[in-house]
Amino acid sequence: MESASGISDFRPHRVVVLALDGLLPFELGIPHRIFGRPKGPDGRRLYEVVTCSVRPPGPVETDADFAIQVAHGPEALATADTVIVPASYELGPVFEQGVLTEDLAAALAHIRPGTRLASICTGVYVLAAAGYLDGRPATTHWADSDRLQRLFPQIDVDPDVLFIDDGDVLTSAGVAAGLDLCLHMVRRDHGTAVANEVARRTVVPPHRDGGQAQYIERPVPDPQQAGTTTARAWALGRLHEPIQLRDMAAQESMSVRTFTRRFREEVGLSPGQWLTQQRVERARHLLESTDLSVDQVARDAGFGTAQSMRQHLQAALGVTPTAYRRTFRTASGATGADESPGGVGALR
């Protein structure tokens, strides 16, 4: 958008990170790393990331042997489009009684209505104590989930997922799950192509579904036992084809029963759930980056029919293929295929 003078009115989405005493430096750095990378086609940054404290500018203690100098006070929260609260090990009354300290309550009062809120790990306690999670689902690190549920019985705590997207409020499990949450927000804001580019530059997996288990029994296979890596690579190379469980098991020379157990131990999902997740990601990529009709996208992603893909996208993303393509279209121009009887227009 341009003003009357011809000067662009573009303003990057502002992410304000609330740094609390006792914070974990790794988790504080996650929003800066993920949101500091995305750029639009014109090279402009899509986000602006600012760190603030509940006090005037100054040092904030960490759980390490150093402090972090924060340049902004709580007033910065009033400028946020998204507020992120990373974990802290010194939440005091928030963690023990579920009540906000005076300075924290005063800081949160700066947040404007409609601001998107997110927490990483125990940062969820701050959102909970402020009442933002009443009647909502939420998650945190599995080791803290029981305490969270006891202190805030009005919250539906799920300790088994990486993150929960409840629209304007999002919560994640501990440490690395914060990466998954922030990448998810970038993907939600700007599509898979932008999020995948950030993931590549950060050298992390581009997508771990929020419903994936926090704690996987055997994330690294025993060297004396066969894993399921070969089968997963084999399946990814032929998502457009019908894939049977027995065929995946055969890639590892395992029985179906043993393969299914080993797969869940390593990935945290059943083979069927994992396949559906990968096909949804393939469909998202094709809808964003190609002019293929929805019928063709459905076939290439392995869903078979447009109706089947529509149901899976609705379940996973809450939108139809038409709405998703309209929001995240990166190919230049629209094509007649979109409005053909078998194209996107048919799925409205």
# chains A, B, ... in the order shown; residues from 1 in each chain; ligands from 1
>>> residues_around(residues="Gly304 (chain A)", least_positions_apart="5", cutoff="12 Å", atoms="only C-alpha atoms", output="compact mmCIF listing (two decimals) with N, CA and C atoms, in the first residue's frame")
# COMPACT_ATOMS: atom_id res chain seq x y z
N LEU A 239 4.79 -39.86 -2.26
CA LEU A 239 3.55 -39.46 -1.60
C LEU A 239 2.36 -39.47 -2.55
N HIS A 240 2.63 -39.30 -3.85
CA HIS A 240 1.55 -39.27 -4.83
C HIS A 240 0.96 -40.65 -5.11
N GLU A 241 1.61 -41.69 -4.59
CA GLU A 241 1.15 -43.05 -4.83
C GLU A 241 0.43 -43.59 -3.59
N PRO A 242 -0.42 -44.61 -3.76
CA PRO A 242 -0.98 -45.29 -2.57
C PRO A 242 0.15 -45.97 -1.81
N ILE A 243 0.21 -45.75 -0.52
CA ILE A 243 1.27 -46.33 0.31
C ILE A 243 0.62 -47.17 1.40
N ARG A 279 1.44 -35.32 3.59
CA ARG A 279 0.62 -35.02 2.43
C ARG A 279 -0.03 -33.64 2.54
N ALA A 283 0.53 -30.66 -0.12
CA ALA A 283 -0.60 -29.93 -0.71
C ALA A 283 -0.45 -28.43 -0.48
N VAL A 294 -7.00 -27.90 -8.22
CA VAL A 294 -7.10 -28.58 -6.93
C VAL A 294 -7.15 -30.08 -7.13
N ASP A 295 -7.81 -30.54 -8.18
CA ASP A 295 -7.82 -31.98 -8.45
C ASP A 295 -6.41 -32.52 -8.64
N GLN A 296 -5.57 -31.78 -9.39
CA GLN A 296 -4.22 -32.24 -9.63
C GLN A 296 -3.37 -32.17 -8.36
N VAL A 297 -3.55 -31.10 -7.58
CA VAL A 297 -2.84 -31.00 -6.31
C VAL A 297 -3.19 -32.19 -5.42
N ALA A 298 -4.48 -32.53 -5.37
CA ALA A 298 -4.92 -33.66 -4.55
C ALA A 298 -4.25 -34.95 -4.99
N ARG A 299 -4.15 -35.16 -6.31
CA ARG A 299 -3.50 -36.37 -6.81
C ARG A 299 -2.01 -36.36 -6.51
N MET A 309 -8.83 -34.23 -0.04
CA MET A 309 -7.87 -33.21 0.37
C MET A 309 -8.57 -32.08 1.12
N ARG A 310 -9.73 -31.70 0.65
CA ARG A 310 -10.47 -30.63 1.30
C ARG A 310 -10.76 -30.99 2.76
N GLN A 311 -11.17 -32.23 3.00
CA GLN A 311 -11.47 -32.67 4.36
C GLN A 311 -10.23 -32.64 5.23
N HIS A 312 -9.08 -33.08 4.68
CA HIS A 312 -7.86 -33.10 5.47
C HIS A 312 -7.34 -31.70 5.75
>>> select_by_dssp(residues="region 114-173 of chain A", states="strand (DSSP E or B)", output="ChimeraX atom specification")
/A:116-120,137-138,156-157,163-165,169-172
>>> closest_residue(among="A:Gly22, A:Pro12, A:Pro41, A:Pro137", to="Val194 (chain A)", atoms="only C-alpha atoms")
A:Pro41
>>> atom_distance(atom1="CA of Ala87 (chain A)", atom2="CA of Arg45 (chain A)")
26.2 Å
>>> select_by_dssp(residues="region 281-313 of chain A", states="helix (DSSP H, G or I)", output="PyMOL selection string")
chain A and resi 281-289+294-301+306-313
>>> residues_around(residues="region 171-182 of chain A", least_positions_apart="2", cutoff="10 Å", atoms="only C-alpha atoms", output="PDB file with N, CA and C atoms, in the first residue's frame")
ATOM      1  N   LEU A  24      15.572 -18.146  30.204  1.00  0.00           N
ATOM      2  CA  LEU A  24      16.527 -19.030  29.550  1.00  0.00           C
ATOM      3  C   LEU A  24      17.016 -18.336  28.281  1.00  0.00           C
ATOM      4  N   PHE A  26      18.470 -19.301  25.649  1.00  0.00           N
ATOM      5  CA  PHE A  26      18.140 -20.005  24.409  1.00  0.00           C
ATOM      6  C   PHE A  26      16.727 -19.674  23.958  1.00  0.00           C
ATOM      7  N   GLU A  27      15.779 -19.737  24.896  1.00  0.00           N
ATOM      8  CA  GLU A  27      14.392 -19.487  24.528  1.00  0.00           C
ATOM      9  C   GLU A  27      14.149 -18.017  24.195  1.00  0.00           C
ATOM     10  N   LEU A  28      14.858 -17.119  24.851  1.00  0.00           N
ATOM     11  CA  LEU A  28      14.738 -15.701  24.523  1.00  0.00           C
ATOM     12  C   LEU A  28      15.181 -15.440  23.087  1.00  0.00           C
ATOM     13  N   GLY A  29      16.177 -16.199  22.643  1.00  0.00           N
ATOM     14  CA  GLY A  29      16.709 -15.978  21.296  1.00  0.00           C
ATOM     15  C   GLY A  29      15.860 -16.557  20.183  1.00  0.00           C
ATOM     16  N   ILE A  30      14.955 -17.480  20.503  1.00  0.00           N
ATOM     17  CA  ILE A  30      14.171 -18.145  19.463  1.00  0.00           C
ATOM     18  C   ILE A  30      13.340 -17.153  18.638  1.00  0.00           C
ATOM     19  N   PRO A  31      12.535 -16.283  19.260  1.00  0.00           N
ATOM     20  CA  PRO A  31      11.736 -15.352  18.440  1.00  0.00           C
ATOM     21  C   PRO A  31      12.599 -14.458  17.551  1.00  0.00           C
ATOM     22  N   HIS A  32      13.748 -14.022  18.060  1.00  0.00           N
ATOM     23  CA  HIS A  32      14.616 -13.164  17.257  1.00  0.00           C
ATOM     24  C   HIS A  32      15.167 -13.922  16.058  1.00  0.00           C
ATOM     25  N   ARG A  33      15.527 -15.165  16.261  1.00  0.00           N
ATOM     26  CA  ARG A  33      16.075 -15.958  15.167  1.00  0.00           C
ATOM     27  C   ARG A  33      15.013 -16.256  14.100  1.00  0.00           C
ATOM     28  N   ILE A  34      13.816 -16.657  14.531  1.00  0.00           N
ATOM     29  CA  ILE A  34      12.781 -17.066  13.576  1.00  0.00           C
ATOM     30  C   ILE A  34      12.100 -15.868  12.930  1.00  0.00           C
ATOM     31  N   PHE A  35      11.667 -14.901  13.717  1.00  0.00           N
ATOM     32  CA  PHE A  35      10.944 -13.759  13.150  1.00  0.00           C
ATOM     33  C   PHE A  35      11.881 -12.714  12.545  1.00  0.00           C
ATOM     34  N   ILE A  84       5.268 -12.358  22.902  1.00  0.00           N
ATOM     35  CA  ILE A  84       5.761 -13.699  23.231  1.00  0.00           C
ATOM     36  C   ILE A  84       6.392 -13.662  24.613  1.00  0.00           C
ATOM     37  N   VAL A  85       6.003 -14.625  25.451  1.00  0.00           N
ATOM     38  CA  VAL A  85       6.553 -14.736  26.800  1.00  0.00           C
ATOM     39  C   VAL A  85       7.374 -16.024  26.879  1.00  0.00           C
ATOM     40  N   PRO A  86       8.708 -15.940  26.842  1.00  0.00           N
ATOM     41  CA  PRO A  86       9.539 -17.134  26.990  1.00  0.00           C
ATOM     42  C   PRO A  86       9.554 -17.622  28.434  1.00  0.00           C
ATOM     43  N   ALA A  87      10.171 -18.766  28.647  1.00  0.00           N
ATOM     44  CA  ALA A  87      10.221 -19.371  29.978  1.00  0.00           C
ATOM     45  C   ALA A  87      11.091 -18.576  30.936  1.00  0.00           C
ATOM     46  N   LEU A 117      -1.066 -13.448  21.380  1.00  0.00           N
ATOM     47  CA  LEU A 117      -0.239 -13.797  22.527  1.00  0.00           C
ATOM     48  C   LEU A 117       0.319 -15.204  22.357  1.00  0.00           C
ATOM     49  N   ALA A 118       1.562 -15.398  22.785  1.00  0.00           N
ATOM     50  CA  ALA A 118       2.180 -16.721  22.701  1.00  0.00           C
ATOM     51  C   ALA A 118       3.129 -16.910  23.875  1.00  0.00           C
ATOM     52  N   SER A 119       3.283 -18.157  24.289  1.00  0.00           N
ATOM     53  CA  SER A 119       4.214 -18.470  25.372  1.00  0.00           C
ATOM     54  C   SER A 119       5.075 -19.651  24.969  1.00  0.00           C
ATOM     55  N   ILE A 120       6.282 -19.668  25.515  1.00  0.00           N
ATOM     56  CA  ILE A 120       7.193 -20.796  25.333  1.00  0.00           C
ATOM     57  C   ILE A 120       7.442 -21.406  26.704  1.00  0.00           C
ATOM     58  N   CYS A 121       7.169 -22.694  26.843  1.00  0.00           N
ATOM     59  CA  CYS A 121       7.415 -23.434  28.080  1.00  0.00           C
ATOM     60  C   CYS A 121       6.663 -22.795  29.253  1.00  0.00           C
ATOM     61  N   THR A 122       7.364 -22.470  30.346  1.00  0.00           N
ATOM     62  CA  THR A 122       6.691 -21.967  31.541  1.00  0.00           C
ATOM     63  C   THR A 122       6.209 -20.531  31.403  1.00  0.00           C
ATOM     64  N   GLY A 123       6.480 -19.895  30.275  1.00  0.00           N
ATOM     65  CA  GLY A 123       5.881 -18.591  30.027  1.00  0.00           C
ATOM     66  C   GLY A 123       4.363 -18.663  30.039  1.00  0.00           C
ATOM     67  N   VAL A 124       3.828 -19.877  29.865  1.00  0.00           N
ATOM     68  CA  VAL A 124       2.375 -20.073  29.890  1.00  0.00           C
ATOM     69  C   VAL A 124       1.775 -19.666  31.227  1.00  0.00           C
ATOM     70  N   LEU A 127       0.600 -16.052  31.105  1.00  0.00           N
ATOM     71  CA  LEU A 127      -0.665 -15.895  30.393  1.00  0.00           C
ATOM     72  C   LEU A 127      -1.826 -16.450  31.214  1.00  0.00           C
ATOM     73  N   LEU A 133      -5.958 -17.472  29.406  1.00  0.00           N
ATOM     74  CA  LEU A 133      -6.183 -18.864  29.014  1.00  0.00           C
ATOM     75  C   LEU A 133      -7.443 -19.470  29.617  1.00  0.00           C
ATOM     76  N   PRO A 137      -7.641 -24.337  25.663  1.00  0.00           N
ATOM     77  CA  PRO A 137      -6.613 -25.382  25.739  1.00  0.00           C
ATOM     78  C   PRO A 137      -5.235 -24.737  25.790  1.00  0.00           C
ATOM     79  N   ALA A 138      -4.291 -25.390  26.451  1.00  0.00           N
ATOM     80  CA  ALA A 138      -2.930 -24.867  26.541  1.00  0.00           C
ATOM     81  C   ALA A 138      -1.974 -26.006  26.823  1.00  0.00           C
ATOM     82  N   THR A 139      -0.702 -25.763  26.582  1.00  0.00           N
ATOM     83  CA  THR A 139       0.315 -26.754  26.897  1.00  0.00           C
ATOM     84  C   THR A 139       1.532 -26.060  27.478  1.00  0.00           C
ATOM     85  N   THR A 140       2.411 -26.854  28.044  1.00  0.00           N
ATOM     86  CA  THR A 140       3.694 -26.389  28.557  1.00  0.00           C
ATOM     87  C   THR A 140       4.617 -27.599  28.593  1.00  0.00           C
ATOM     88  N   HIS A 141       5.801 -27.437  29.118  1.00  0.00           N
ATOM     89  CA  HIS A 141       6.719 -28.571  29.253  1.00  0.00           C
ATOM     90  C   HIS A 141       6.029 -29.671  30.054  1.00  0.00           C
ATOM     91  N   TRP A 142       6.184 -30.912  29.607  1.00  0.00           N
ATOM     92  CA  TRP A 142       5.473 -32.016  30.255  1.00  0.00           C
ATOM     93  C   TRP A 142       5.749 -32.102  31.758  1.00  0.00           C
ATOM     94  N   ALA A 143       6.947 -31.687  32.197  1.00  0.00           N
ATOM     95  CA  ALA A 143       7.287 -31.771  33.619  1.00  0.00           C
ATOM     96  C   ALA A 143       6.532 -30.747  34.455  1.00  0.00           C
ATOM     97  N   ASP A 144       5.972 -29.702  33.822  1.00  0.00           N
ATOM     98  CA  ASP A 144       5.258 -28.654  34.548  1.00  0.00           C
ATOM     99  C   ASP A 144       3.749 -28.689  34.324  1.00  0.00           C
ATOM    100  N   SER A 145       3.281 -29.639  33.550  1.00  0.00           N
ATOM    101  CA  SER A 145       1.868 -29.625  33.166  1.00  0.00           C
ATOM    102  C   SER A 145       0.935 -29.921  34.341  1.00  0.00           C
ATOM    103  N   ASP A 158      -2.987 -29.813  27.997  1.00  0.00           N
ATOM    104  CA  ASP A 158      -2.600 -31.017  27.251  1.00  0.00           C
ATOM    105  C   ASP A 158      -1.084 -31.149  27.322  1.00  0.00           C
ATOM    106  N   PRO A 159      -0.578 -32.118  28.075  1.00  0.00           N
ATOM    107  CA  PRO A 159       0.867 -32.251  28.246  1.00  0.00           C
ATOM    108  C   PRO A 159       1.555 -33.033  27.139  1.00  0.00           C
ATOM    109  N   ASP A 160       0.792 -33.511  26.169  1.00  0.00           N
ATOM    110  CA  ASP A 160       1.338 -34.454  25.188  1.00  0.00           C
ATOM    111  C   ASP A 160       1.622 -33.858  23.830  1.00  0.00           C
ATOM    112  N   VAL A 161       1.487 -32.544  23.667  1.00  0.00           N
ATOM    113  CA  VAL A 161       1.666 -31.941  22.348  1.00  0.00           C
ATOM    114  C   VAL A 161       2.797 -30.932  22.362  1.00  0.00           C
ATOM    115  N   LEU A 162       3.318 -30.610  21.176  1.00  0.00           N
ATOM    116  CA  LEU A 162       4.411 -29.652  21.065  1.00  0.00           C
ATOM    117  C   LEU A 162       3.934 -28.218  21.222  1.00  0.00           C
ATOM    118  N   PHE A 163       2.790 -27.912  20.633  1.00  0.00           N
ATOM    119  CA  PHE A 163       2.219 -26.582  20.789  1.00  0.00           C
ATOM    120  C   PHE A 163       0.732 -26.633  20.486  1.00  0.00           C
ATOM    121  N   ILE A 164       0.032 -25.593  20.928  1.00  0.00           N
ATOM    122  CA  ILE A 164      -1.404 -25.472  20.681  1.00  0.00           C
ATOM    123  C   ILE A 164      -1.676 -24.097  20.102  1.00  0.00           C
ATOM    124  N   ASP A 165      -2.360 -24.078  18.967  1.00  0.00           N
ATOM    125  CA  ASP A 165      -2.783 -22.838  18.327  1.00  0.00           C
ATOM    126  C   ASP A 165      -4.268 -22.676  18.596  1.00  0.00           C
ATOM    127  N   ASP A 166      -4.615 -21.736  19.463  1.00  0.00           N
ATOM    128  CA  ASP A 166      -6.025 -21.471  19.751  1.00  0.00           C
ATOM    129  C   ASP A 166      -6.427 -20.106  19.203  1.00  0.00           C
ATOM    130  N   VAL A 169      -4.299 -16.918  20.847  1.00  0.00           N
ATOM    131  CA  VAL A 169      -3.422 -17.314  21.946  1.00  0.00           C
ATOM    132  C   VAL A 169      -2.792 -18.661  21.613  1.00  0.00           C
ATOM    133  N   HIS A 184       5.536 -22.122  13.118  1.00  0.00           N
ATOM    134  CA  HIS A 184       4.110 -22.278  12.829  1.00  0.00           C
ATOM    135  C   HIS A 184       3.448 -20.917  12.638  1.00  0.00           C
ATOM    136  N   MET A 185       3.795 -19.949  13.465  1.00  0.00           N
ATOM    137  CA  MET A 185       3.203 -18.615  13.316  1.00  0.00           C
ATOM    138  C   MET A 185       3.632 -17.959  12.010  1.00  0.00           C
ATOM    139  N   VAL A 186       4.910 -18.127  11.631  1.00  0.00           N
ATOM    140  CA  VAL A 186       5.360 -17.599  10.350  1.00  0.00           C
ATOM    141  C   VAL A 186       4.599 -18.282   9.214  1.00  0.00           C
ATOM    142  N   ARG A 187       4.431 -19.590   9.321  1.00  0.00           N
ATOM    143  CA  ARG A 187       3.704 -20.335   8.291  1.00  0.00           C
ATOM    144  C   ARG A 187       2.259 -19.868   8.223  1.00  0.00           C
ATOM    145  N   ARG A 188       1.657 -19.634   9.367  1.00  0.00           N
ATOM    146  CA  ARG A 188       0.274 -19.172   9.405  1.00  0.00           C
ATOM    147  C   ARG A 188       0.146 -17.775   8.810  1.00  0.00           C
ATOM    148  N   ALA A 195       8.126 -19.915   5.615  1.00  0.00           N
ATOM    149  CA  ALA A 195       8.529 -20.650   6.822  1.00  0.00           C
ATOM    150  C   ALA A 195       9.627 -21.660   6.526  1.00  0.00           C
ATOM    151  N   ALA A 199      13.365 -22.023   8.124  1.00  0.00           N
ATOM    152  CA  ALA A 199      13.829 -23.279   8.713  1.00  0.00           C
ATOM    153  C   ALA A 199      15.151 -23.725   8.100  1.00  0.00           C
ATOM    154  N   THR A 202      17.899 -21.715   9.466  1.00  0.00           N
ATOM    155  CA  THR A 202      18.111 -21.994  10.887  1.00  0.00           C
ATOM    156  C   THR A 202      18.591 -23.429  11.098  1.00  0.00           C
ATOM    157  N   VAL A 204      16.828 -26.303  10.975  1.00  0.00           N
ATOM    158  CA  VAL A 204      15.907 -27.072  11.808  1.00  0.00           C
ATOM    159  C   VAL A 204      14.846 -27.678  10.903  1.00  0.00           C
ATOM    160  N   PRO A 205      14.147 -28.722  11.363  1.00  0.00           N
ATOM    161  CA  PRO A 205      13.070 -29.293  10.543  1.00  0.00           C
ATOM    162  C   PRO A 205      12.039 -28.232  10.208  1.00  0.00           C
ATOM    163  N   PRO A 206      11.572 -28.163   8.958  1.00  0.00           N
ATOM    164  CA  PRO A 206      10.629 -27.113   8.578  1.00  0.00           C
ATOM    165  C   PRO A 206       9.265 -27.249   9.215  1.00  0.00           C
ATOM    166  N   HIS A 207       8.915 -28.460   9.646  1.00  0.00           N
ATOM    167  CA  HIS A 207       7.571 -28.613  10.207  1.00  0.00           C
ATOM    168  C   HIS A 207       7.498 -29.821  11.123  1.00  0.00           C
ATOM    169  N   ARG A 208       7.115 -29.568  12.363  1.00  0.00           N
ATOM    170  CA  ARG A 208       6.693 -30.638  13.276  1.00  0.00           C
ATOM    171  C   ARG A 208       5.294 -30.259  13.732  1.00  0.00           C
ATOM    172  N   ASP A 209       4.362 -31.116  13.451  1.00  0.00           N
ATOM    173  CA  ASP A 209       2.971 -30.807  13.759  1.00  0.00           C
ATOM    174  C   ASP A 209       2.789 -30.575  15.248  1.00  0.00           C
ATOM    175  N   GLY A 210       1.909 -29.627  15.581  1.00  0.00           N
ATOM    176  CA  GLY A 210       1.681 -29.309  16.993  1.00  0.00           C
ATOM    177  C   GLY A 210       1.195 -30.482  17.794  1.00  0.00           C
ATOM    178  N   GLN A 214       5.334 -34.661  22.880  1.00  0.00           N
ATOM    179  CA  GLN A 214       6.502 -33.984  23.462  1.00  0.00           C
ATOM    180  C   GLN A 214       7.608 -34.975  23.750  1.00  0.00           C
TER     181      GLN A 214
END
>>> atom_distance(atom1="CA of Gly318 (chain A)", atom2="CA of Leu77 (chain A)")
29.4 Å
>>> residues_around(residues="Ala235 (chain A)", least_positions_apart="6", cutoff="12 Å", atoms="only C-alpha atoms", output="mmCIF file with C-alpha atoms, in the first residue's frame")
data_model
loop_
_atom_site.group_PDB
_atom_site.id
_atom_site.type_symbol
_atom_site.label_atom_id
_atom_site.label_comp_id
_atom_site.auth_asym_id
_atom_site.auth_seq_id
_atom_site.Cartn_x
_atom_site.Cartn_y
_atom_site.Cartn_z
ATOM 1 C CA THR A 228 12.481 -46.363 10.361
ATOM 2 C CA THR A 229 14.461 -43.653 8.571
ATOM 3 C CA GLU A 241 1.148 -43.048 -4.828
ATOM 4 C CA PRO A 242 -0.982 -45.289 -2.572
ATOM 5 C CA ILE A 243 1.269 -46.330 0.311
ATOM 6 C CA GLN A 244 0.417 -49.351 2.406
ATOM 7 C CA LEU A 245 1.736 -49.918 5.898
ATOM 8 C CA ARG A 246 3.100 -53.297 4.868
ATOM 9 C CA ASP A 247 5.103 -51.623 2.081
ATOM 10 C CA MET A 248 6.729 -49.239 4.552
ATOM 11 C CA ALA A 249 7.480 -52.089 6.921
ATOM 12 C CA ALA A 250 9.059 -54.034 4.068
ATOM 13 C CA GLN A 251 11.590 -51.228 3.520
ATOM 14 C CA PRO A 271 2.691 -44.173 10.314
ATOM 15 C CA GLY A 272 -0.776 -43.182 9.116
ATOM 16 C CA TRP A 274 2.710 -39.101 9.761
ATOM 17 C CA LEU A 275 1.740 -39.826 6.139
ATOM 18 C CA THR A 276 -1.295 -37.554 6.390
ATOM 19 C CA GLN A 278 3.373 -35.056 5.050
ATOM 20 C CA ARG A 279 0.623 -35.017 2.427
ATOM 21 C CA ALA A 301 -0.147 -34.941 -2.731
ATOM 22 C CA GLY A 302 -1.556 -38.456 -2.508
#
>>> closest_residue(among="A:Arg147, A:His190, A:Arg200, A:Arg136", to="Thr327 (chain A)", atoms="only C-alpha atoms")
A:His190
>>> atom_distance(atom1="CA of Arg14 (chain A)", atom2="CA of Leu108 (chain A)")
16.3 Å
>>> closest_residue(among="A:Arg11, A:Arg201, A:Lys39, A:Arg116", to="Gly167 (chain A)", atoms="only C-alpha atoms")
A:Arg116
>>> residues_around(residues="Val16 (chain A)", least_positions_apart="3", cutoff="6 Å", atoms="only C-alpha atoms", output="count of residues only")
5
>>> decode(residues="region 138-156 of chain A", atoms="N, CA and C atoms", output="PDB file, in the first residue's frame")
ATOM      1  N   ALA A 138      -4.291 -25.390  26.451  1.00  0.00           N
ATOM      2  CA  ALA A 138      -2.930 -24.867  26.541  1.00  0.00           C
ATOM      3  C   ALA A 138      -1.974 -26.006  26.823  1.00  0.00           C
ATOM      4  N   THR A 139      -0.702 -25.763  26.582  1.00  0.00           N
ATOM      5  CA  THR A 139       0.315 -26.754  26.897  1.00  0.00           C
ATOM      6  C   THR A 139       1.532 -26.060  27.478  1.00  0.00           C
ATOM      7  N   THR A 140       2.411 -26.854  28.044  1.00  0.00           N
ATOM      8  CA  THR A 140       3.694 -26.389  28.557  1.00  0.00           C
ATOM      9  C   THR A 140       4.617 -27.599  28.593  1.00  0.00           C
ATOM     10  N   HIS A 141       5.801 -27.437  29.118  1.00  0.00           N
ATOM     11  CA  HIS A 141       6.719 -28.571  29.253  1.00  0.00           C
ATOM     12  C   HIS A 141       6.029 -29.671  30.054  1.00  0.00           C
ATOM     13  N   TRP A 142       6.184 -30.912  29.607  1.00  0.00           N
ATOM     14  CA  TRP A 142       5.473 -32.016  30.255  1.00  0.00           C
ATOM     15  C   TRP A 142       5.749 -32.102  31.758  1.00  0.00           C
ATOM     16  N   ALA A 143       6.947 -31.687  32.197  1.00  0.00           N
ATOM     17  CA  ALA A 143       7.287 -31.771  33.619  1.00  0.00           C
ATOM     18  C   ALA A 143       6.532 -30.747  34.455  1.00  0.00           C
ATOM     19  N   ASP A 144       5.972 -29.702  33.822  1.00  0.00           N
ATOM     20  CA  ASP A 144       5.258 -28.654  34.548  1.00  0.00           C
ATOM     21  C   ASP A 144       3.749 -28.689  34.324  1.00  0.00           C
ATOM     22  N   SER A 145       3.281 -29.639  33.550  1.00  0.00           N
ATOM     23  CA  SER A 145       1.868 -29.625  33.166  1.00  0.00           C
ATOM     24  C   SER A 145       0.935 -29.921  34.341  1.00  0.00           C
ATOM     25  N   ASP A 146       1.338 -30.829  35.234  1.00  0.00           N
ATOM     26  CA  ASP A 146       0.478 -31.139  36.380  1.00  0.00           C
ATOM     27  C   ASP A 146       0.295 -29.916  37.278  1.00  0.00           C
ATOM     28  N   ARG A 147       1.371 -29.204  37.538  1.00  0.00           N
ATOM     29  CA  ARG A 147       1.291 -28.000  38.357  1.00  0.00           C
ATOM     30  C   ARG A 147       0.393 -26.957  37.689  1.00  0.00           C
ATOM     31  N   LEU A 148       0.556 -26.795  36.386  1.00  0.00           N
ATOM     32  CA  LEU A 148      -0.259 -25.828  35.659  1.00  0.00           C
ATOM     33  C   LEU A 148      -1.740 -26.169  35.792  1.00  0.00           C
ATOM     34  N   GLN A 149      -2.072 -27.440  35.678  1.00  0.00           N
ATOM     35  CA  GLN A 149      -3.470 -27.840  35.777  1.00  0.00           C
ATOM     36  C   GLN A 149      -4.018 -27.645  37.184  1.00  0.00           C
ATOM     37  N   ARG A 150      -3.195 -27.916  38.208  1.00  0.00           N
ATOM     38  CA  ARG A 150      -3.644 -27.721  39.595  1.00  0.00           C
ATOM     39  C   ARG A 150      -3.886 -26.244  39.897  1.00  0.00           C
ATOM     40  N   LEU A 151      -2.963 -25.391  39.460  1.00  0.00           N
ATOM     41  CA  LEU A 151      -3.097 -23.960  39.740  1.00  0.00           C
ATOM     42  C   LEU A 151      -4.231 -23.320  38.947  1.00  0.00           C
ATOM     43  N   PHE A 152      -4.473 -23.837  37.749  1.00  0.00           N
ATOM     44  CA  PHE A 152      -5.465 -23.217  36.862  1.00  0.00           C
ATOM     45  C   PHE A 152      -6.426 -24.284  36.323  1.00  0.00           C
ATOM     46  N   PRO A 153      -7.322 -24.770  37.161  1.00  0.00           N
ATOM     47  CA  PRO A 153      -8.239 -25.836  36.730  1.00  0.00           C
ATOM     48  C   PRO A 153      -9.173 -25.405  35.604  1.00  0.00           C
ATOM     49  N   GLN A 154      -9.301 -24.097  35.378  1.00  0.00           N
ATOM     50  CA  GLN A 154     -10.172 -23.611  34.314  1.00  0.00           C
ATOM     51  C   GLN A 154      -9.540 -23.745  32.932  1.00  0.00           C
ATOM     52  N   ILE A 155      -8.273 -24.184  32.882  1.00  0.00           N
ATOM     53  CA  ILE A 155      -7.567 -24.362  31.615  1.00  0.00           C
ATOM     54  C   ILE A 155      -7.565 -25.845  31.251  1.00  0.00           C
ATOM     55  N   ASP A 156      -7.709 -26.149  29.980  1.00  0.00           N
ATOM     56  CA  ASP A 156      -7.629 -27.527  29.490  1.00  0.00           C
ATOM     57  C   ASP A 156      -6.182 -27.801  29.097  1.00  0.00           C
TER      58      ASP A 156
END
